[in-house]
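Colleague: Pasting in a structure now, in structure tokens, and then I'll have a few things to ask.
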Amino acid sequence: MDECKSLKNKYDKCFNVWFRDKFLKGSNDDSVCSELLKNYTSCVKKVMKEKDIDIGEFRPFSPKISFNYEPPKDK
Amino acid sequence: MLSPCVRWDQVVHGFWHRYPNPESKHVLSEDVLHREVIENKLHSIRLFTKTNKLPKWGERFIQSKDVKIVEESILDPSEKTLVTYTRNVGYASVMGVTEKVIYKVNEENPSTTVAERSVWIESNVYGMSKAIQAFGMQRFKVNSAKAVKGFNHVLNSMYGTNTSSSSGVLLHQKEKLKDALKQSNYKTGSLYVQ
């Protein structure tokens, strides 16, 4: 969302360094960017609300989203 | 088809930098909705908005000018896998398209990466399902080719591999698409292509 551009840029910058230098090297501590992420995603959610962007069936990490999930092959 | 040499860690790094690229002019926005590490795996949910060009008959069902895409991904750094689920939201009952891609180390050549793609399409519009699914499949193939080309462009510019020719594909694509439309005998419901 354009409205959240600067927050996004700040967060992306933090994430990229964390991802490359920490996460891929075995660290799971993601607290370093968590504040920036929170500010950024709150902005996105606010804009979505204002623009009436409804992603209805969306819910974080629905149980069916997992490595092994496959859709039903027959109905 | 296949070619040089993008390691898995380079691919997953590039994955977060896919946009913008010359093939992505239809992508209007890209945002993170949620991200957290669960059991050593990085879970991310991103939202994309894209322009939505529809055939005439589609306008009867769908008014919106752009389309929202949700991408859920699970990245396992120890197993070296990235699994992504990408689906449209908002009019999923008319035509729901979900794409699953697994990016993993190519066992035959560990310095390269394999992407396994599968797609399924669902529609609940009575009597129209087949046409909608055929349309969805066609649209998927076009978009998928674009996405792969764009992603390769990004990997190219990040890692400077020399594959600027159009035949240069960095990721070894294991397409699981085949013409399942012909062999299926559904009326409504889901179509799964592997």
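In the structure tokens, the first chain shown is A, the next is B, and so on; residue numbers restart at 1 for each chain, and ligands run from 1 in the order shown.
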Quick one: contact table of chain B to chain A, 8 Å max, nearest atom pair and distance in Å to one decimal per residue, counting only C-alpha atoms, chain and number order, as a tab-separated table?
Modeller:
residue	atom	partner	partner_atom	distance
B:Asp9	CA	A:Leu24	CA	7.7
B:His13	CA	A:Arg20	CA	7.3
B:Ser29	CA	A:Met1	CA	5.7
B:Glu30	CA	A:Met1	CA	7.1
B:Asp31	CA	A:Met1	CA	6.9
B:Val32	CA	A:Thr41	CA	6.6
B:Leu33	CA	A:Thr41	CA	5.6
B:His34	CA	A:Thr41	CA	7.2
B:Glu36	CA	A:Asp30	CA	7.5
B:Val37	CA	A:Asn28	CA	6.6
B:Asn40	CA	A:Asn28	CA	6.1
B:Ile45	CA	A:Pro60	CA	7.4
B:Lys68	CA	A:Ile55	CA	7.7
B:Glu72	CA	A:Phe61	CA	7.8
B:Ile74	CA	A:Phe67	CA	7.5
B:Pro77	CA	A:Leu24	CA	6.0
B:Val83	CA	A:Phe67	CA	6.5
B:Tyr85	CA	A:Ile65	CA	7.8
B:Val89	CA	A:Ile55	CA	5.7
B:Gly90	CA	A:Ile55	CA	5.8
B:Trp120	CA	A:Pro71	CA	7.6
B:Gly189	CA	A:Lys75	CA	6.8
B:Ser190	CA	A:Lys75	CA	7.1
B:Leu191	CA	A:Lys73	CA	7.5
B:Tyr192	CA	A:Lys73	CA	6.1
Colleague: Between atom CA of B:Glu122 and atom CA of B:Asp66, what distance in Å does the model show, to one decimal?
Modeller: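 A separation of 19.5 Å between them.
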Colleague: Just to confirm, what's the straight-line distance from atom CA of A:Lys13 to atom CA of B:Asn156 in Å (one decimal)?
Modeller: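 Interatomic distance, atom CA of A:Lys13 to atom CA of B:Asn156: 20.6 Å.
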Colleague: One number please: atom CA of A:Asp21 to atom CA of B:Ser111, in Å, one decimal.
Modeller: 19.9 Å
